[in-house]
Every structure is written in C-alpha cells, then in structure tokens.
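One structure below.
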Amino acid sequence: MESTLFQDVLILLGFSVMIVFLLQKLKLPSILGFLITGIIIGPYGLSLVTAVHQVEIFAEIGVILLLFVIGLELSIKQLILIKKTVFIGGLLQVSLTVGIAALAANVFGASWDKAVFMGFLVSLSSTAIVLKVLQDKNEISAAHGRNALGILIFQDIIVVPMMLVTPIMAGNSDDITGSIIGLLVKSLIVVAITYVLARYVVPKLMYLVAKTRSKELFILTTITICFAVAYLTSMAGLSLALGAFLAGLIISESEYSHQATSIILPFRELFTSFFFISVGMLLNIGFFVENVSMVLLLVVGVMVLKTLATAIAVVVLKYPIKTVLLTALALSQVGEFAFILATIGMDNNLLNDNVYQYFLAISICSMLLTPFVIIYSEQMSNFLIRIFLSGKSKTKNTVQPEPVDDSLVLKNHLIIVGFGINGRSLAKAAEFSNIPYVVLELNAETVREEAEKGVPIIFGDAADDHILNHVDVFHARAIVVAVTELKTSKDIVRAVRNITQSIYLLVRTKYVREINDLKAIGADEVIPEELEAAVEIFSRILHNFLVPEDEITNFLDSIRSDNYNLFQDKAKVPRTFKSDQVPDFNITCLRVYKDSGSPVGRSLKDLDLRSKYNINVIAVARDGVMVSNIGADEKILQNDLLYVQGGVSEIEGFRKAIG
C-alpha cells in the first residue's frame, strides 16, 4: 500500500513539474498545469494513479491550508468591514443564481426538485481557485477581492443548509427541523469558542511558544491550531475549510500572524497543487469529447448566468461598475464544494449519471477558464464599460473608496531589523525626525512590550519574503539590519536583494573582517562595532589635543568612507573591485542656520552657486512643503532644508557658508 501511494505521488509530482514548467514558459498560470496533470494521469486519462482516495485526502488538506492562510491575512475587524458583502451580497448572489438556474432547468424539462438542486450546484463558486489567483495577483485586499472573499464565505456557510435540504427535496427527510436546530446550536457554540480562543487563549499560547525561539515548535503549534479548529467545525456539521478559515482568524488577532503565514505558505503551495490535480482527475475525457458542443455551450451559459447574478448582487451593495464587473467575472465558475453536494444529490436520485457527467464537465471546464478570466478581467471590464457606458457621464461610476483596516500602509519608509540598542536608538531618531518606520523583531517579549508602547513592531523573520513584502520593502527608502549573528544578516541581505535592488541597505556587524562579505552580497554600507569604538576613542583623543572640530569631522568621515582602512591590517583585507565607469553622485540635505549674510536671503540667480561653489540646489523644503521645481528667483531663507548635489568637499564648503 505504502509503495503504491509513494509511486502515485511520484507520478503526480513528476507530471506536474513537466507540465507546469511548460506552461510557465508560455506565461500561463500554474493552476492550469495542475488541472491538466489530473486530466492526463487520472482514471479517465492514462490511469497512472490508483491511490485516488489518498490523493483526495491530500487535496482536502490543501483546501484547509488555503483557507487557513486567508484567515491569517484577514482579521476579525476586517471581516466586520465586509459583513454587508458576506450576508447581503452572498445571499443575493446565491438566491439569484439558484432562481435563474432552476427556472432554466425547469424550462428544459427538469422537475422542480431537480431544477432547484441544479441551481444549488451552479450557485457555488471555487474558493480555492479564485482566492489562489487573486493572491497571486495581490488583489485580495482590493475592493473586488474583498467582495469575492465575502461572497465565497457565505457560499461556504450556505452549503451546509443545502446539504440538509437536499434529502427533503428528494422526499427522504426524517427530522429536518431537529437537524436545523441542532446545527444552529452547534454553530453558536463554534462561534463562542472561536471568540474565546481568539481573545484569550491563542495569543497567550503563541506568546509562550514564540518565547522559546524554536521554529519547529512554532510550526507544530500553528498547524495544530489549524487542524484542531477545522476538526471542531466538522464535528458541528460545518465544513473543514470553514473551520480552517476560523482558525486563521483566531491567530490573526495575535501579533504572530505574519510569521505563521510565512511558515504555512510552502505547505499550502504543495497541498493545494494536490487539490487542483484531484479536480482534473474527475473529468471523463470520453464523455467530454462525445458531447463537446453541448458542454461548451452550457459552460458559456453557466458562466454568463453567474456573472450576471453576482453583478446584480454587487450593484445592490452600491459599488462602482468597475468593481462590480471584476467581482462578477471572478466568481463565474462552479466550485469544489459543488462536487460534495453533487454526490449527496446522486445518493438521493436528484441527479442521474448522465446529468452528473455534464455537471463535472461544466464545472472543470469553468475552473480551467477561471485563471484566464481573472487575469484578463481588467481588460474585459474596461471593454464592457466602454460598450455599455459610452456617451454616459463617467462621474456616476465613481464613489468614495470603502474603509480598509490596514495598519501598515507605508511608503518611502525605514525598516529596522532587530530592536536591540542600535535598533531602539534608530527608532527614536526616526520618530524625532518624523520618518515613517517599522520594526521587525523575533523576540516575542520585546514585540509585546514595544507594541503596547505604540511602536510599529512586527513579529517576523526578515529573511522571509512574505514578511518583507508585508512591510513593503519594495517601496521602502532604507533598511537597517541590526542583528547579532552574521549568518542571519547575510540571509536578510540576500532576501532583500531578491526583491529589490534599489533600497539603501545598511548592516551593523561586529567585526571589520565581515565588511567585504556583506558588501559582496548586496549591502550598501556596513558599520562594524569594533572599529566604531576605535573611531570614537580616536575622536575623543583628538578633541583632548585641541585639534580643530572641522578637521576631526573630515578626518573621521574619510576613515569611514575608506572602510576603516587606517585601523586595519591591510594584508588581511581581501581586495574588492569597484567600477570606475560610474561617477560619484552625492546628494546631501543641508539646513540653513544663518539668518543673513553670504548666500542667505539672496536668490539662486544672484548666488551663481555652480561657478562659486560647484554645486546645484535641486530641491528646497520650507515649512514642511517640498519645492522640487526650483526657479532662478528662488531665495535661500533661514531654516530652509536644501537638497544639493556636488562633490563632498564642495558641499562641505557650502555648508560652512550657510551653517
């Protein structure tokens, strides 16, 4: 048994690698590769996989982890913000889809019980595919992403009552009232337990685990919480996926959600691939080929129907037309929970084999089309807007954006990694200078204490791409790595440079011998503690000998700019190459302290700074307002911040003139 499963997993992964690699070369989504893999190796294809049930278990784990990560990246506050979308939008979307689909099925000869059940199947969309593609496009937090998420949550909840109602429609019900009351009671208990865990239990547990600094224990605890809450909801008659989503919400209320997300992501990627492959295995290729015209016609009909129903639901919520179309297009497919519901319908004779095969073919084809629909939804919605709104005032489509609970919206900011003495000092300096900053720290006690003081601090490993993306390293101005271990510093530098080459990256290290290694992998500046101590000692000795202040400053600057070579044994320092093709380009910010005299109070035209000081003033900040379009008549005034470009010595000469 074990060898059979191992062989099947090897076949499954091997085919996935080849097909996904080929699709990536063609710039097509990887989800398509997994679905195609399932079709090829499944029982209706080459029949290479025999342990189908075990693959389905892996697939279920994938859906659980996907919903868990979605819950981690949300919070209960953010969920409250979309409550109208969940309950009003979700109810409207499901009701309209069920009603229109049932009416259409009845017109084509289906009895009302079977027609309504078909409406149930069509109304459900694919949580796994939609959220995966939206995450890949980084659009979960966009208005249409939140709408899609809210409606999908409602669908995941409503599928349980649908399962209970199905036997009634088939005339096979026993005590349906008792079942519904029992489900409601269990649901209330689950909600109460979720609240208690989120508010009181899990944050304390995660804090104790994080204090151990054991990555293995943190992983085990995170996954255990996920599966435990999922199992709890399944015992209450709800879906495992919904429980996983609640588990993610529980952890999201703690300061450890971002680190938990970064740990779970690799597992999620692996197991969700099993889910998409298992879906592809369901497609009967022979049936599809025999009925291809009818299947494709029904696919178009179902996707158009769902798009219209969702669009009407989102219009009622008073969103702009662009958001309406993007949301509607995203939810146009048939989802994975419909497969579970379909098996119940088969058991209760609401579907026959022929209709079931049509359902599978339609569902899988719509899933195959979904990545393309979402990827090109922007162009499609723009096209539809031009057609239907040509000649109409476009101002009608603009509304105020809805509130978003995002405590970390930063740009042009400073990232501080490590909150020891250096990190704290830098944070105080940034706060004093009104520089936006965020701190990354792996000490749980430090994170909790500083967060209570209002410091923008996050528990997370700065060597992880997810954590760096969360603090928006791509749009940051600078990052300072102030950790102790050299290996950790190197890992962080490599991770940062994998994302962006433009950010200014400064590293604090212990020893001078580490400077060149860190610069070689991407650090812009490296400050060694041992030589900074030597520099400070030397500067005090020079002061004691009454060496002029400017000479001391210039001398210390030259030491630092020369990588402290004055204090090093040059025979032990490896030589590095620096291109001589790129000229020095210094931009410095200087404050005007003088109230009169020399350049102060005169216009740039009168000063002729280029010929006198060999510098250029490229911007002026005055009274908190930045003036970048500098004219010749602009005057230099006291307290101005001048952004000047030129050589080091020339800038220093100008600084003395205004200081």
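Each chain in the structure tokens gets a letter, A, B, ..., in the order shown, and its residues are numbered from 1; ligands are numbered from 1 in order too.
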
**OP:** Please provide as a PyMOL selection string all residues within 9 Å of region 447-456 of chain A, with the sequence filter that same-chain residues fewer than 4 positions apart are discarded (counting only C-alpha atoms).
**Re:** chain A and resi 207+255+408+419+427+437-443

What does the file look like for those residues with N, CA, C and O atoms, as an mmCIF file, in the first residue's frame?
data_model
loop_
_atom_site.group_PDB
_atom_site.id
_atom_site.type_symbol
_atom_site.label_atom_id
_atom_site.label_comp_id
_atom_site.auth_asym_id
_atom_site.auth_seq_id
_atom_site.Cartn_x
_atom_site.Cartn_y
_atom_site.Cartn_z
ATOM 1 N N TYR A 207 2.400 33.381 22.340
ATOM 2 C CA TYR A 207 3.442 34.160 23.018
ATOM 3 C C TYR A 207 4.425 33.234 23.724
ATOM 4 O O TYR A 207 5.649 33.399 23.613
ATOM 5 N N GLU A 255 -0.093 38.962 17.429
ATOM 6 C CA GLU A 255 0.983 39.620 16.679
ATOM 7 C C GLU A 255 1.852 38.629 15.907
ATOM 8 O O GLU A 255 2.855 39.014 15.306
ATOM 9 N N LEU A 408 -0.707 49.010 8.339
ATOM 10 C CA LEU A 408 0.665 49.097 7.852
ATOM 11 C C LEU A 408 0.688 49.567 6.412
ATOM 12 O O LEU A 408 1.104 48.860 5.517
ATOM 13 N N PHE A 419 15.670 44.936 17.365
ATOM 14 C CA PHE A 419 15.346 46.052 18.243
ATOM 15 C C PHE A 419 16.178 46.002 19.518
ATOM 16 O O PHE A 419 15.676 46.086 20.630
ATOM 17 N N ALA A 427 15.180 53.938 15.980
ATOM 18 C CA ALA A 427 13.737 54.187 16.006
ATOM 19 C C ALA A 427 13.427 55.534 16.653
ATOM 20 O O ALA A 427 12.566 56.285 16.169
ATOM 21 N N TYR A 437 8.545 54.535 9.991
ATOM 22 C CA TYR A 437 9.385 53.351 10.117
ATOM 23 C C TYR A 437 8.567 52.178 10.643
ATOM 24 O O TYR A 437 7.466 52.345 11.184
ATOM 25 N N VAL A 438 9.118 50.976 10.463
ATOM 26 C CA VAL A 438 8.522 49.767 11.007
ATOM 27 C C VAL A 438 9.667 48.864 11.455
ATOM 28 O O VAL A 438 10.744 48.856 10.843
ATOM 29 N N VAL A 439 9.438 48.120 12.541
ATOM 30 C CA VAL A 439 10.482 47.283 13.138
ATOM 31 C C VAL A 439 10.112 45.811 12.957
ATOM 32 O O VAL A 439 8.953 45.426 13.148
ATOM 33 N N LEU A 440 11.095 44.990 12.588
ATOM 34 C CA LEU A 440 10.934 43.538 12.543
ATOM 35 C C LEU A 440 11.777 42.922 13.653
ATOM 36 O O LEU A 440 12.968 43.227 13.771
ATOM 37 N N GLU A 441 11.166 42.072 14.468
ATOM 38 C CA GLU A 441 11.855 41.511 15.632
ATOM 39 C C GLU A 441 11.344 40.101 15.888
ATOM 40 O O GLU A 441 10.152 39.815 15.684
ATOM 41 N N LEU A 442 12.235 39.203 16.335
ATOM 42 C CA LEU A 442 11.860 37.821 16.617
ATOM 43 C C LEU A 442 11.839 37.507 18.107
ATOM 44 O O LEU A 442 11.646 36.348 18.481
ATOM 45 N N ASN A 443 12.045 38.515 18.942
ATOM 46 C CA ASN A 443 11.923 38.320 20.384
ATOM 47 C C ASN A 443 10.485 38.633 20.791
ATOM 48 O O ASN A 443 10.042 39.777 20.721
#

Subject >> Neighbour list for Ile57 (chain A) as number ranges by chain, cut-off 10 Å, only C-alpha atoms, skip fewer than 2 positions in-chain >> reply: A: 52-55, 59-62, 271, 274-275, 278

Would you export the selected residues with C-alpha atoms as a compact mmCIF listing (two decimals), in the first residue's frame, please?
# COMPACT_ATOMS: atom_id res chain seq x y z
CA VAL A 52 -7.14 8.23 -5.83
CA HIS A 53 -8.63 8.33 -2.32
CA GLN A 54 -5.27 9.21 -0.74
CA VAL A 55 -4.75 11.97 -3.31
CA ALA A 59 -6.36 17.72 -1.74
CA GLU A 60 -8.58 18.33 1.28
CA ILE A 61 -5.53 19.33 3.31
CA GLY A 62 -4.68 21.80 0.54
CA PHE A 271 -1.10 20.58 -0.91
CA PHE A 274 -2.88 18.11 -5.00
CA PHE A 275 -6.35 19.67 -4.84
CA SER A 278 -7.61 15.77 -7.94

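Every protein, DNA or RNA residue with an atom at most 8 Å from Arg199 (chain A), where only C-alpha atoms count and chain neighbours fewer than 3 positions away do not, is listed here: Tyr195, Val196, Val202, Pro203, Ile250 and Glu253 of chain A.
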
**OP:** Give the helix (DSSP H, G or I) residues of region 98-228 of chain A, as assigned by DSSP on the backbone, as a count of residues only.
**Re:** 109

**OP:** Within 6 Å of Val480 (chain A), counting only C-alpha atoms, which residues show up once you throw out same-chain ones fewer than 4 positions away? Write them as a ChimeraX atom specification, please.
**Re:** /A:416,506-507

Subject >> Nearest to Gly345 (chain A), chosen from A:Asp464, A:Asp113, A:Glu529, A:Asp136, with only C-alpha atoms counted in the distances >> reply: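 Closest to Gly345 (chain A), using only C-alpha atoms: A:Asp113.
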
Original post:
CA of Gly601 (chain A) and CA of Ser433 (chain A) are how many Å apart?
Top reply: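 Rounded to one decimal, the two atoms are 25.8 Å apart.
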
Subject >> Residues within 9 Å of region 266-270 of chain A, only C-alpha atoms, excluding chain neighbours under 5 positions, as a list in words >> reply: Ile61, Gly62, Val63, Ile64, Leu65, Leu66 and Val69 of chain A

Quick one: write out the picked residues with N, CA and C atoms as a PDB file, in the first residue's frame?
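And here's selection06.pdb as it stands now:
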ATOM      1  N   ILE A  61      -6.497  18.596   2.496  1.00  0.00           N
ATOM      2  CA  ILE A  61      -5.529  19.332   3.313  1.00  0.00           C
ATOM      3  C   ILE A  61      -5.153  20.633   2.617  1.00  0.00           C
ATOM      4  N   GLY A  62      -5.014  20.587   1.290  1.00  0.00           N
ATOM      5  CA  GLY A  62      -4.681  21.796   0.536  1.00  0.00           C
ATOM      6  C   GLY A  62      -5.735  22.868   0.682  1.00  0.00           C
ATOM      7  N   VAL A  63      -7.011  22.490   0.582  1.00  0.00           N
ATOM      8  CA  VAL A  63      -8.094  23.465   0.751  1.00  0.00           C
ATOM      9  C   VAL A  63      -8.088  24.024   2.177  1.00  0.00           C
ATOM     10  N   ILE A  64      -7.840  23.154   3.156  1.00  0.00           N
ATOM     11  CA  ILE A  64      -7.779  23.594   4.557  1.00  0.00           C
ATOM     12  C   ILE A  64      -6.685  24.644   4.737  1.00  0.00           C
ATOM     13  N   LEU A  65      -5.483  24.365   4.215  1.00  0.00           N
ATOM     14  CA  LEU A  65      -4.367  25.299   4.376  1.00  0.00           C
ATOM     15  C   LEU A  65      -4.609  26.595   3.616  1.00  0.00           C
ATOM     16  N   LEU A  66      -5.253  26.514   2.450  1.00  0.00           N
ATOM     17  CA  LEU A  66      -5.556  27.722   1.683  1.00  0.00           C
ATOM     18  C   LEU A  66      -6.480  28.641   2.477  1.00  0.00           C
ATOM     19  N   VAL A  69      -4.665  30.246   5.507  1.00  0.00           N
ATOM     20  CA  VAL A  69      -3.827  31.406   5.172  1.00  0.00           C
ATOM     21  C   VAL A  69      -4.689  32.639   4.911  1.00  0.00           C
TER      22      VAL A  69
END

Could the residues of region 74-192 of chain A that have an atom at most 9 Å from region 375-383 of chain A be listed as a tab-separated table, each with its closest atom pair and the distance in Å to one decimal, counting only C-alpha atoms and ordered by chain and ascending residue number?
residue	atom	partner	partner_atom	distance
A:Val133	CA	A:Ile375	CA	8.0
A:Leu134	CA	A:Ile375	CA	8.8
A:Lys137	CA	A:Ile375	CA	8.0

Serialized selection, all heavy atoms, as a PDB file, in the first residue's frame:
ATOM      1  N   VAL A 133      -5.744  32.640  -7.318  1.00  0.00           N
ATOM      2  CA  VAL A 133      -5.385  33.548  -8.413  1.00  0.00           C
ATOM      3  C   VAL A 133      -5.354  34.995  -7.922  1.00  0.00           C
ATOM      4  O   VAL A 133      -4.454  35.771  -8.275  1.00  0.00           O
ATOM      5  CB  VAL A 133      -6.364  33.404  -9.599  1.00  0.00           C
ATOM      6  CG1 VAL A 133      -6.015  34.386 -10.708  1.00  0.00           C
ATOM      7  CG2 VAL A 133      -6.340  31.978 -10.138  1.00  0.00           C
ATOM      8  N   LEU A 134      -6.325  35.378  -7.075  1.00  0.00           N
ATOM      9  CA  LEU A 134      -6.335  36.742  -6.540  1.00  0.00           C
ATOM     10  C   LEU A 134      -5.124  36.999  -5.661  1.00  0.00           C
ATOM     11  O   LEU A 134      -4.564  38.096  -5.667  1.00  0.00           O
ATOM     12  CB  LEU A 134      -7.625  36.994  -5.754  1.00  0.00           C
ATOM     13  CG  LEU A 134      -8.906  37.137  -6.588  1.00  0.00           C
ATOM     14  CD1 LEU A 134     -10.115  37.283  -5.678  1.00  0.00           C
ATOM     15  CD2 LEU A 134      -8.824  38.332  -7.531  1.00  0.00           C
ATOM     16  N   LYS A 137      -2.157  37.588  -7.812  1.00  0.00           N
ATOM     17  CA  LYS A 137      -2.210  38.931  -8.402  1.00  0.00           C
ATOM     18  C   LYS A 137      -2.149  40.029  -7.341  1.00  0.00           C
ATOM     19  O   LYS A 137      -2.191  41.214  -7.678  1.00  0.00           O
ATOM     20  CB  LYS A 137      -3.499  39.092  -9.207  1.00  0.00           C
ATOM     21  CG  LYS A 137      -3.569  38.254 -10.475  1.00  0.00           C
ATOM     22  CD  LYS A 137      -4.816  38.597 -11.277  1.00  0.00           C
ATOM     23  CE  LYS A 137      -4.721  39.992 -11.866  1.00  0.00           C
ATOM     24  NZ  LYS A 137      -5.937  40.383 -12.604  1.00  0.00           N
TER      25      LYS A 137
END

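For the atom pair formed by CA of Asn639 (chain A) and CA of Val592 (chain A), the distance is 5.0 Å, given to one decimal.
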
Subject >> Minimum-distance residue to Asn498 (chain A), chosen among A:Thr166, A:Trp112, A:Lys519, A:Ala463 (using only C-alpha atoms) >> reply: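 Selected residue with least distance to Asn498 (chain A): A:Ala463.
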
Subject >> Selection near Ala236 (chain A), 9 Å with only C-alpha atoms, sequence-local residues under 5 positions removed, as a PyMOL selection string >> reply: chain A and resi 182-183+185-187+189-190+231

**OP:** For Asn616 (chain A), list every protein, DNA or RNA residue within 10 Å, evaluated using only C-alpha atoms, and leave out those in the same chain fewer than 4 positions away; present the list as a list in words.
**Re:**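 Residues meeting the cut-off are Ile587, Leu604, Asp608, Leu609, Arg610, Ser611, Leu642, Tyr643, Val644, Gln645, Gly646 and Ile651 of chain A.
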
Subject >> Residue among A:Gln357, A:Ser111, A:Ser262, A:Ser252 lying closest to Lys77 (chain A), counting only C-alpha atoms >> reply: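 The shortest atom-to-atom distance to Lys77 (chain A) comes from A:Ser252.
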
Original post:
Using only C-alpha atoms, which residue out of A:Arg513, A:Lys114, A:His258, A:Arg508 lies closest to Ile70 (chain A)?
Top reply: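 Ranking A:Arg513, A:Lys114, A:His258, A:Arg508 by distance to Ile70 (chain A), first place goes to A:His258.
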
**OP:** Enumerate the residues of region 238-418 of chain A with a DSSP assignment of strand (DSSP E), computed from the backbone, and present them as a list of chain:residue names.
**Re:**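 DSSP on the backbone gives strand (DSSP E) at A:Leu414, A:Ile415, A:Ile416, A:Val417.
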
**OP:** Give the answer as one residue: which of A:Ile458, A:Ile636, A:Leu641, A:Leu331 has the shortest atom-to-atom distance to Thr370 (chain A), using only C-alpha atoms?
**Re:** A:Leu331

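Comparing A:Phe359, A:Phe372, A:Phe388, A:Phe276 by their smallest distance to Ala330 (chain A), the closest is A:Phe372 (using only C-alpha atoms).
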